[in-house]
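A.B. asks: My structure is in final_27.csv, and what it holds is CSV, C-alpha atoms:
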```
chain,number,residue,atom,x,y,z
G,1,MET,CA,221.1,97.3,-173.9
G,2,THR,CA,217.8,96.4,-172.3
G,3,ASP,CA,217.9,93.2,-170.2
G,4,THR,CA,215.6,90.5,-171.6
G,5,ARG,CA,214.5,89.6,-168.1
G,6,ASP,CA,213.2,93.2,-167.7
G,7,LEU,CA,211.2,92.9,-170.8
G,8,PHE,CA,209.5,89.6,-169.6
G,9,ALA,CA,209.0,91.1,-166.2
G,10,ALA,CA,207.0,94.0,-167.7
G,11,VAL,CA,204.6,91.6,-169.4
G,12,PRO,CA,201.8,90.3,-167.1
G,13,ARG,CA,201.7,86.5,-166.7
G,14,SER,CA,198.1,86.5,-167.9
G,15,ALA,CA,199.4,87.3,-171.4
G,16,PHE,CA,201.0,83.8,-171.7
G,17,ASP,CA,199.3,80.5,-172.0
G,18,THR,CA,200.7,77.7,-169.8
G,19,PRO,CA,201.8,74.8,-172.1
G,20,GLY,CA,199.4,71.9,-171.8
G,21,GLU,CA,196.8,73.9,-169.9
G,22,SER,CA,193.2,73.4,-171.0
G,23,ARG,CA,190.4,76.0,-170.6
G,24,GLY,CA,187.7,73.5,-171.1
G,25,LEU,CA,184.9,74.0,-173.6
G,26,ILE,CA,186.2,77.6,-174.2
G,27,ASP,CA,189.0,76.0,-176.2
G,28,VAL,CA,186.5,74.5,-178.6
G,29,VAL,CA,185.8,78.0,-179.8
G,30,ARG,CA,189.4,79.0,-179.9
G,31,TRP,CA,190.4,75.8,-181.8
G,32,ARG,CA,187.3,75.9,-184.1
G,33,TYR,CA,189.4,75.3,-187.2
G,34,LEU,CA,190.6,72.0,-185.8
G,35,LEU,CA,187.0,71.2,-184.7
G,36,HIS,CA,185.9,71.8,-188.3
G,37,LEU,CA,188.6,69.3,-189.5
G,38,LEU,CA,187.5,66.7,-187.0
G,39,VAL,CA,183.8,67.1,-188.0
G,40,ARG,CA,184.6,66.9,-191.7
G,41,THR,CA,186.8,63.8,-191.1
G,42,GLY,CA,184.0,62.1,-189.1
G,43,VAL,CA,181.4,62.8,-191.7
G,44,THR,CA,183.4,61.8,-194.7
G,45,THR,CA,184.9,58.6,-193.3
G,46,ARG,CA,181.8,57.0,-191.9
G,47,TYR,CA,180.6,55.6,-195.2
G,48,ARG,CA,184.0,55.4,-197.0
G,49,ASN,CA,184.3,52.4,-199.3
G,50,SER,CA,180.5,51.8,-198.9
G,51,VAL,CA,178.4,51.1,-201.9
G,52,LEU,CA,175.3,52.8,-200.6
G,53,GLY,CA,177.2,55.6,-198.9
G,54,TRP,CA,174.9,58.2,-197.4
G,55,THR,CA,171.9,56.1,-198.3
G,56,TRP,CA,172.5,54.2,-195.1
G,57,SER,CA,171.5,57.3,-193.2
G,58,TYR,CA,168.0,56.7,-194.6
G,59,VAL,CA,168.0,52.9,-194.7
G,60,ARG,CA,168.9,52.3,-191.1
G,61,PRO,CA,166.3,54.4,-189.4
G,62,ALA,CA,163.7,53.3,-191.9
G,63,ALA,CA,164.4,49.6,-191.1
G,64,GLN,CA,164.3,50.4,-187.4
G,65,PHE,CA,161.0,52.1,-187.8
G,66,LEU,CA,159.5,49.2,-189.8
G,67,VAL,CA,160.5,46.7,-187.1
G,68,PHE,CA,159.0,48.7,-184.3
G,69,TRP,CA,155.9,49.6,-186.3
G,70,VAL,CA,155.2,46.0,-187.4
G,71,VAL,CA,156.1,44.1,-184.3
G,72,LEU,CA,154.9,46.5,-181.6
G,73,GLY,CA,152.2,48.5,-183.4
G,74,LEU,CA,150.6,45.7,-185.5
G,75,PHE,CA,151.4,42.5,-183.7
G,76,MET,CA,151.4,43.6,-180.1
G,77,ASN,CA,149.0,46.5,-180.4
G,78,LEU,CA,151.2,48.8,-178.3
G,79,ASP,CA,149.8,51.8,-180.1
G,80,ARG,CA,146.5,51.3,-178.2
G,81,GLY,CA,144.6,53.8,-180.2
G,82,ILE,CA,147.3,56.3,-180.8
G,83,PRO,CA,146.2,58.0,-184.1
G,84,ASN,CA,148.7,58.2,-186.9
G,85,TYR,CA,151.0,55.9,-185.0
G,86,ALA,CA,153.6,55.7,-187.8
G,87,ILE,CA,154.4,59.5,-187.5
G,88,TYR,CA,154.3,59.3,-183.7
G,89,LEU,CA,156.7,56.5,-183.7
G,90,PHE,CA,159.2,57.9,-186.2
G,91,SER,CA,159.2,61.3,-184.5
G,92,GLY,CA,160.5,59.7,-181.4
G,93,ILE,CA,162.9,57.3,-183.1
G,94,VAL,CA,164.8,60.2,-184.8
G,95,VAL,CA,165.3,61.8,-181.4
G,96,ILE,CA,166.5,58.6,-179.8
G,97,ASN,CA,168.9,58.0,-182.7
G,98,LEU,CA,170.4,61.5,-182.3
G,99,PHE,CA,170.9,61.0,-178.5
G,100,SER,CA,172.3,57.4,-178.9
G,101,GLU,CA,174.8,58.2,-181.6
G,102,ALA,CA,176.0,61.5,-179.9
G,103,PHE,CA,176.3,59.9,-176.5
G,104,LYS,CA,178.0,56.7,-177.6
G,105,ASN,CA,180.5,58.4,-180.0
G,106,ALA,CA,181.4,61.1,-177.4
G,107,THR,CA,182.0,58.4,-174.8
G,108,THR,CA,184.5,56.6,-177.1
G,109,SER,CA,186.0,59.7,-178.7
G,110,ILE,CA,189.1,59.9,-176.4
G,111,VAL,CA,190.0,56.2,-176.7
G,112,GLY,CA,189.3,56.3,-180.4
G,113,ASN,CA,191.8,59.1,-180.9
G,114,ALA,CA,194.4,57.7,-178.5
G,115,PRO,CA,197.4,58.3,-180.9
G,116,LEU,CA,196.6,62.1,-181.0
G,117,VAL,CA,196.0,62.3,-177.3
G,118,ARG,CA,199.3,60.6,-176.5
G,119,LYS,CA,201.5,62.5,-178.9
G,120,VAL,CA,200.0,66.0,-179.4
G,121,PHE,CA,198.5,68.5,-177.0
G,122,LEU,CA,195.1,69.8,-178.1
G,123,PRO,CA,191.9,70.4,-176.2
G,124,ARG,CA,190.5,66.9,-175.6
G,125,GLN,CA,187.0,68.3,-175.4
G,126,LEU,CA,187.2,68.8,-179.2
G,127,PHE,CA,186.8,65.1,-179.7
G,128,ALA,CA,183.6,64.8,-177.8
G,129,VAL,CA,182.1,68.0,-179.3
G,130,SER,CA,183.0,66.9,-182.8
G,131,ALA,CA,181.4,63.5,-182.1
G,132,VAL,CA,178.1,65.2,-181.2
G,133,ILE,CA,178.2,67.5,-184.2
G,134,VAL,CA,178.8,64.5,-186.5
G,135,ALA,CA,175.9,62.7,-184.9
G,136,PHE,CA,173.8,65.8,-185.7
G,137,VAL,CA,174.9,65.8,-189.3
G,138,HIS,CA,173.8,62.1,-189.6
G,139,PHE,CA,170.6,63.0,-187.9
G,140,LEU,CA,169.6,65.6,-190.6
G,141,PRO,CA,168.6,63.0,-193.3
G,142,GLN,CA,166.3,61.3,-190.8
G,143,VAL,CA,164.6,64.6,-190.0
G,144,ALA,CA,164.4,65.3,-193.7
G,145,LEU,CA,162.6,62.0,-194.3
G,146,LEU,CA,160.2,62.7,-191.4
G,147,LEU,CA,159.6,66.2,-192.8
G,148,ILE,CA,158.8,65.0,-196.3
G,149,VAL,CA,156.2,62.5,-195.0
G,150,CYS,CA,154.6,65.2,-192.8
G,151,LEU,CA,154.5,67.6,-195.7
G,152,LEU,CA,152.6,65.0,-197.7
G,153,LEU,CA,150.1,64.8,-194.9
G,154,GLY,CA,149.5,68.6,-194.8
G,155,TRP,CA,152.0,69.7,-192.2
G,156,VAL,CA,152.5,73.2,-193.7
G,157,ALA,CA,148.8,74.0,-193.2
G,158,HIS,CA,149.1,73.5,-189.4
G,159,ILE,CA,152.6,74.6,-188.7
G,160,SER,CA,153.2,77.5,-186.3
G,161,ILE,CA,156.2,79.3,-184.8
G,162,LEU,CA,155.8,77.2,-181.7
G,163,SER,CA,156.4,74.1,-183.8
G,164,ILE,CA,159.7,75.5,-185.1
G,165,LEU,CA,160.7,76.5,-181.6
G,166,ALA,CA,159.8,73.0,-180.3
G,167,ILE,CA,162.1,71.4,-182.9
G,168,LEU,CA,165.0,73.7,-182.1
G,169,ALA,CA,164.5,73.3,-178.3
G,170,GLY,CA,164.3,69.5,-178.6
G,171,MET,CA,167.5,69.2,-180.6
G,172,ILE,CA,169.4,71.6,-178.2
G,173,ILE,CA,168.2,69.8,-175.1
G,174,VAL,CA,169.1,66.3,-176.4
G,175,MET,CA,172.5,67.3,-177.8
G,176,THR,CA,173.5,69.2,-174.7
G,177,PHE,CA,172.5,66.3,-172.5
G,178,ALA,CA,174.3,63.8,-174.7
G,179,LEU,CA,177.5,66.0,-174.7
G,180,GLY,CA,177.4,66.2,-170.9
G,181,LEU,CA,177.0,62.5,-170.4
G,182,GLY,CA,179.6,61.9,-173.2
G,183,LEU,CA,182.2,64.0,-171.4
G,184,PHE,CA,181.5,62.3,-168.1
G,185,PHE,CA,181.6,58.7,-169.3
G,186,GLY,CA,184.3,59.5,-171.9
G,187,ALA,CA,186.7,60.7,-169.2
G,188,ILE,CA,186.0,57.6,-167.1
G,189,ASN,CA,186.3,55.3,-170.1
G,190,VAL,CA,189.9,56.2,-170.5
G,191,ARG,CA,190.8,54.3,-167.3
G,192,PHE,CA,187.9,52.0,-166.9
G,193,ARG,CA,186.6,50.5,-170.1
G,194,ASP,CA,183.5,49.3,-168.2
G,195,ALA,CA,182.1,52.7,-169.0
G,196,GLU,CA,181.4,51.6,-172.6
G,197,ASN,CA,179.3,48.7,-171.3
G,198,ILE,CA,177.4,51.0,-168.9
G,199,VAL,CA,176.7,53.3,-171.8
G,200,GLU,CA,175.4,50.4,-173.9
G,201,LEU,CA,173.0,49.5,-171.1
G,202,LEU,CA,171.8,53.1,-170.7
G,203,LEU,CA,171.2,53.3,-174.5
G,204,LEU,CA,169.2,50.1,-174.3
G,205,LEU,CA,167.0,51.6,-171.6
G,206,ALA,CA,166.7,55.0,-173.2
G,207,THR,CA,164.3,53.9,-175.9
G,208,TRP,CA,161.9,52.3,-173.4
G,209,ALA,CA,162.3,55.0,-170.7
G,210,SER,CA,160.8,57.6,-173.1
G,211,PRO,CA,157.4,57.8,-174.8
G,212,VAL,CA,158.7,56.6,-178.2
G,213,LEU,CA,156.8,53.4,-178.5
G,214,TYR,CA,153.9,54.3,-176.3
G,215,ALA,CA,152.1,57.5,-175.1
G,216,TRP,CA,152.9,59.4,-172.0
G,217,THR,CA,149.3,58.9,-170.9
G,218,GLN,CA,149.9,55.2,-170.6
G,219,VAL,CA,152.6,56.0,-168.1
G,220,GLN,CA,150.1,58.2,-166.2
G,221,ASP,CA,147.5,55.4,-166.2
G,222,ALA,CA,149.9,52.7,-165.2
G,223,VAL,CA,151.8,54.6,-162.5
G,224,VAL,CA,148.9,56.5,-160.8
G,225,ASP,CA,145.8,54.5,-161.6
G,226,LYS,CA,147.1,50.9,-161.5
G,227,LEU,CA,150.0,51.1,-159.1
G,228,GLY,CA,148.7,53.9,-157.0
G,229,TRP,CA,151.9,55.8,-157.0
G,230,PRO,CA,151.9,59.5,-156.3
G,231,GLN,CA,151.6,62.0,-159.3
G,232,TRP,CA,155.1,63.4,-158.7
G,233,VAL,CA,156.6,60.1,-160.0
G,234,VAL,CA,155.1,60.9,-163.4
G,235,GLU,CA,156.3,64.5,-163.2
G,236,VAL,CA,159.9,63.2,-162.5
G,237,TYR,CA,159.6,60.9,-165.5
G,238,MET,CA,158.6,63.9,-167.7
G,239,LEU,CA,161.7,65.8,-166.5
G,240,ASN,CA,163.9,63.3,-168.4
G,241,PRO,CA,165.6,65.5,-171.1
G,242,ILE,CA,165.2,62.7,-173.6
G,243,THR,CA,161.5,62.4,-172.8
G,244,GLN,CA,161.1,66.1,-173.3
G,245,GLY,CA,163.0,66.0,-176.6
G,246,VAL,CA,160.7,63.3,-177.8
G,247,GLU,CA,157.5,65.1,-176.7
G,248,LEU,CA,158.7,68.3,-178.4
G,249,PHE,CA,159.1,66.5,-181.6
G,250,HIS,CA,155.7,64.9,-181.2
G,251,TYR,CA,154.3,68.4,-180.7
G,252,ALA,CA,156.1,69.7,-183.7
G,253,PHE,CA,155.6,66.9,-186.2
G,254,TRP,CA,152.9,64.5,-185.0
G,255,ARG,CA,150.2,66.8,-183.7
G,256,PRO,CA,150.0,69.1,-186.7
G,257,VAL,CA,149.2,66.2,-189.0
G,258,THR,CA,147.0,64.3,-186.6
G,259,ASP,CA,143.4,64.9,-185.6
G,260,THR,CA,143.8,63.9,-182.0
G,261,ALA,CA,142.2,64.7,-178.6
G,262,PHE,CA,145.4,63.6,-176.8
G,263,ALA,CA,146.1,66.0,-174.0
G,264,LEU,CA,149.4,67.8,-174.1
G,265,PRO,CA,151.9,66.6,-171.5
G,266,PRO,CA,151.5,68.7,-168.3
G,267,GLY,CA,153.7,71.8,-168.2
G,268,LEU,CA,155.2,71.2,-171.6
G,269,ALA,CA,156.6,74.8,-171.8
G,270,TRP,CA,157.9,74.8,-168.2
G,271,ASN,CA,159.4,71.3,-168.6
G,272,THR,CA,161.3,72.6,-171.6
G,273,LEU,CA,163.0,75.2,-169.4
G,274,TRP,CA,163.6,72.7,-166.6
G,275,THR,CA,165.0,70.0,-168.8
G,276,PHE,CA,167.2,72.5,-170.5
G,277,LEU,CA,168.6,73.5,-167.1
G,278,ILE,CA,169.1,69.8,-166.3
G,279,ALA,CA,170.9,69.3,-169.6
G,280,VAL,CA,173.2,72.3,-168.9
G,281,GLY,CA,173.8,71.0,-165.3
G,282,THR,CA,174.8,67.6,-166.8
G,283,LEU,CA,177.1,69.4,-169.2
G,284,LEU,CA,178.8,71.3,-166.3
G,285,ILE,CA,179.2,68.2,-164.2
G,286,GLY,CA,180.6,66.3,-167.2
G,287,GLN,CA,183.0,69.1,-168.0
G,288,LEU,CA,184.1,69.2,-164.3
G,289,VAL,CA,184.9,65.5,-164.2
G,290,PHE,CA,186.5,65.6,-167.6
G,291,ARG,CA,188.9,68.4,-166.6
G,292,ARG,CA,189.9,66.7,-163.4
G,293,LEU,CA,190.8,63.4,-165.2
G,294,GLU,CA,192.2,64.7,-168.5
G,295,GLY,CA,195.7,65.2,-167.0
G,296,ARG,CA,196.2,61.4,-167.0
G,297,PHE,CA,194.7,60.6,-170.4
G,298,ALA,CA,198.0,60.2,-172.1
G,299,GLN,CA,199.4,57.9,-169.4
G,300,ASP,CA,196.3,55.8,-169.1
G,301,LEU,CA,196.0,55.3,-172.8
```
Can you dump the structure from the file as structure tokens?
C.D. replies:
Amino acid sequence: MTDTRDLFAAVPRSAFDTPGESRGLIDVVRWRYLLHLLVRTGVTTRYRNSVLGWTWSYVRPAAQFLVFWVVLGLFMNLDRGIPNYAIYLFSGIVVINLFSEAFKNATTSIVGNAPLVRKVFLPRQLFAVSAVIVAFVHFLPQVALLLIVCLLLGWVAHISILSILAILAGMIIVMTFALGLGLFFGAINVRFRDAENIVELLLLLATWASPVLYAWTQVQDAVVDKLGWPQWVVEVYMLNPITQGVELFHYAFWRPVTDTAFALPPGLAWNTLWTFLIAVGTLLIGQLVFRRLEGRFAQDL
């Protein structure tokens, strides 16, 4: 009879998975069925027992847009001659909403699923990734509303392949950046709940740190002409992945339906590449921190 020990000795150790060992984001693909369940649960439970249901996905951004448009555009004249300011504003708002929901939900995803984390082993990155995907699903009705308005204004007649690529690039950059930050702060939030307050502060600044309510040319005028700061300060500002996502949506939705002489942001194409690399770098750093801290998640929760 063959000795069982000889059989196991003949099998390389790489053929076995160490119990409790995570392979990082690779496990998200291997556990895609569970990811599908988490996303479906997140989508279906958000508006459970709600009278309006999915209508809130339209009402909330519409109300947000009206407040900004009336108060800042009409009362405070922040538009300062930006043509078709309503489309300009809403194009930026939908990007900020995507980033805000994805970043915030990914940060709280581990703490929010504490019972599962404490009792069952599964790749913890699944919670952050599913939170970002759920945010993307809730983002789609907002884009649909923006698209309908743009179609009524003749968007189809001016659309190009570059516009479609700009939409895809903007979404990828923003979601990748949000996931990287969500993994980073989500891991820290397990032990130090101050991370949630830091995230709230960052989200408050995100709307004002990107050209959502104003034009990027106003930043150029204020920083270079008024303050006398060097041009590279504006270039660094434009390398913010959220700023790039907003400008790509302006390029895709606002410019085709607007007769404007506004200059394109400098190096829009190259900045798309650089901000994508920054977003990927943020994701790698977030994943590194997450994997170093995830071993104590169950104890800290």
A.B. asks: Between G:Trp229, G:Trp31, G:Tyr88, G:Phe185, which is the closest to Leu248 of chain G once you count all atoms listed in the file?
C.D. replies: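 Closest residue, counting all atoms listed in the file: G:Tyr88.
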A.B. asks: Residues near Ala169 of chain G, anyone? I mean within 12 Å using all atoms listed in the file, not counting same-chain ones fewer than 3 positions away, as JSON, numbers by chain.
C.D. replies: {"G": [95, 162, 163, 164, 165, 166, 172, 173, 174, 175, 176, 241, 242, 244, 245, 246, 247, 248, 249, 251, 252, 268, 269, 271, 272, 273, 274, 275, 276, 277, 279]}
A.B. asks: Export C-alpha atoms of the chosen residues as a CSV table (one decimal), keeping the file's coordinate frame?
C.D. replies:
```csv
chain,number,residue,atom,x,y,z
G,95,VAL,CA,165.3,61.8,-181.4
G,162,LEU,CA,155.8,77.2,-181.7
G,163,SER,CA,156.4,74.1,-183.8
G,164,ILE,CA,159.7,75.5,-185.1
G,165,LEU,CA,160.7,76.5,-181.6
G,166,ALA,CA,159.8,73.0,-180.3
G,172,ILE,CA,169.4,71.6,-178.2
G,173,ILE,CA,168.2,69.8,-175.1
G,174,VAL,CA,169.1,66.3,-176.4
G,175,MET,CA,172.5,67.3,-177.8
G,176,THR,CA,173.5,69.2,-174.7
G,241,PRO,CA,165.6,65.5,-171.1
G,242,ILE,CA,165.2,62.7,-173.6
G,244,GLN,CA,161.1,66.1,-173.3
G,245,GLY,CA,163.0,66.0,-176.6
G,246,VAL,CA,160.7,63.3,-177.8
G,247,GLU,CA,157.5,65.1,-176.7
G,248,LEU,CA,158.7,68.3,-178.4
G,249,PHE,CA,159.1,66.5,-181.6
G,251,TYR,CA,154.3,68.4,-180.7
G,252,ALA,CA,156.1,69.7,-183.7
G,268,LEU,CA,155.2,71.2,-171.6
G,269,ALA,CA,156.6,74.8,-171.8
G,271,ASN,CA,159.4,71.3,-168.6
G,272,THR,CA,161.3,72.6,-171.6
G,273,LEU,CA,163.0,75.2,-169.4
G,274,TRP,CA,163.6,72.7,-166.6
G,275,THR,CA,165.0,70.0,-168.8
G,276,PHE,CA,167.2,72.5,-170.5
G,277,LEU,CA,168.6,73.5,-167.1
G,279,ALA,CA,170.9,69.3,-169.6
```
A.B. asks: Just give me the gap between atom CA of Leu239 of chain G and atom CA of Leu264 of chain G in Å, one decimal is fine.
C.D. replies: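 Atom-to-atom, atom CA of Leu239 of chain G to atom CA of Leu264 of chain G, that is 14.6 Å.
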A.B. asks: Scan for residues within 12 Å of the point (184.7, 54.7, -170.2) in the coordinates of the file, using all atoms listed in the file, and reply as a CSV table (one decimal) with C-alpha atoms, in the coordinates of the input.
C.D. replies:
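Result went into selection-v2.csv, see below:
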```
chain,number,residue,atom,x,y,z
G,103,PHE,CA,176.3,59.9,-176.5
G,104,LYS,CA,178.0,56.7,-177.6
G,105,ASN,CA,180.5,58.4,-180.0
G,106,ALA,CA,181.4,61.1,-177.4
G,107,THR,CA,182.0,58.4,-174.8
G,108,THR,CA,184.5,56.6,-177.1
G,109,SER,CA,186.0,59.7,-178.7
G,110,ILE,CA,189.1,59.9,-176.4
G,111,VAL,CA,190.0,56.2,-176.7
G,112,GLY,CA,189.3,56.3,-180.4
G,181,LEU,CA,177.0,62.5,-170.4
G,182,GLY,CA,179.6,61.9,-173.2
G,183,LEU,CA,182.2,64.0,-171.4
G,184,PHE,CA,181.5,62.3,-168.1
G,185,PHE,CA,181.6,58.7,-169.3
G,186,GLY,CA,184.3,59.5,-171.9
G,187,ALA,CA,186.7,60.7,-169.2
G,188,ILE,CA,186.0,57.6,-167.1
G,189,ASN,CA,186.3,55.3,-170.1
G,190,VAL,CA,189.9,56.2,-170.5
G,191,ARG,CA,190.8,54.3,-167.3
G,192,PHE,CA,187.9,52.0,-166.9
G,193,ARG,CA,186.6,50.5,-170.1
G,194,ASP,CA,183.5,49.3,-168.2
G,195,ALA,CA,182.1,52.7,-169.0
G,196,GLU,CA,181.4,51.6,-172.6
G,197,ASN,CA,179.3,48.7,-171.3
G,198,ILE,CA,177.4,51.0,-168.9
G,199,VAL,CA,176.7,53.3,-171.8
G,200,GLU,CA,175.4,50.4,-173.9
G,290,PHE,CA,186.5,65.6,-167.6
G,293,LEU,CA,190.8,63.4,-165.2
G,297,PHE,CA,194.7,60.6,-170.4
G,300,ASP,CA,196.3,55.8,-169.1
G,301,LEU,CA,196.0,55.3,-172.8
```
A.B. asks: Between atom CA of Leu213 of chain G and atom CA of Gln231 of chain G, what is the spacing in Å?
C.D. replies: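 If I compute the distance from atom CA of Gln231 of chain G to atom CA of Leu213 of chain G, I get 21.7 Å.
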A.B. asks: Report, in Å to a single decimal, how far apart atom CA of Thr41 of chain G and atom CA of Arg124 of chain G are.
C.D. replies: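 Rounded to one decimal, the two atoms are 16.2 Å apart.
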A.B. asks: Excluding segment 60-64 of chain G and any residue of its chain fewer than 4 positions from it, enumerate the residues within 10 Å of it, using all atoms listed in the file, and give them as a PyMOL selection string.
C.D. replies: chain G and resi 55-56+68-69+90+93-94+97+139+141-142+145
A.B. asks: List every protein, DNA or RNA residue that has an atom no more than 10 Å from (175.6, 62.3, -185.4) in the file's coordinate frame, counting all atoms listed in the file, and report them as a short mmCIF file (atom, residue, chain, number, x, y, z; two decimals) with C-alpha atoms, in the frame of the given file.
C.D. replies:
```cif
data_model
loop_
_atom_site.label_atom_id
_atom_site.label_comp_id
_atom_site.auth_asym_id
_atom_site.auth_seq_id
_atom_site.Cartn_x
_atom_site.Cartn_y
_atom_site.Cartn_z
CA VAL G 39 183.80 67.10 -188.00
CA GLY G 42 184.00 62.10 -189.10
CA VAL G 43 181.40 62.80 -191.70
CA ASN G 97 168.90 58.00 -182.70
CA LEU G 98 170.40 61.50 -182.30
CA PHE G 99 170.90 61.00 -178.50
CA SER G 100 172.30 57.40 -178.90
CA GLU G 101 174.80 58.20 -181.60
CA ALA G 102 176.00 61.50 -179.90
CA PHE G 103 176.30 59.90 -176.50
CA LYS G 104 178.00 56.70 -177.60
CA ASN G 105 180.50 58.40 -180.00
CA ALA G 106 181.40 61.10 -177.40
CA SER G 130 183.00 66.90 -182.80
CA ALA G 131 181.40 63.50 -182.10
CA VAL G 132 178.10 65.20 -181.20
CA ILE G 133 178.20 67.50 -184.20
CA VAL G 134 178.80 64.50 -186.50
CA ALA G 135 175.90 62.70 -184.90
CA PHE G 136 173.80 65.80 -185.70
CA VAL G 137 174.90 65.80 -189.30
CA HIS G 138 173.80 62.10 -189.60
CA PHE G 139 170.60 63.00 -187.90
CA LEU G 140 169.60 65.60 -190.60
CA MET G 175 172.50 67.30 -177.80
#
```
A.B. asks: Thr217 of chain G: which residues within 10 Å, counting only C-alpha atoms, same-chain residues fewer than 3 positions away excluded, as a PyMOL selection string?
C.D. replies: chain G and resi 211+214+220-223+234+262-265
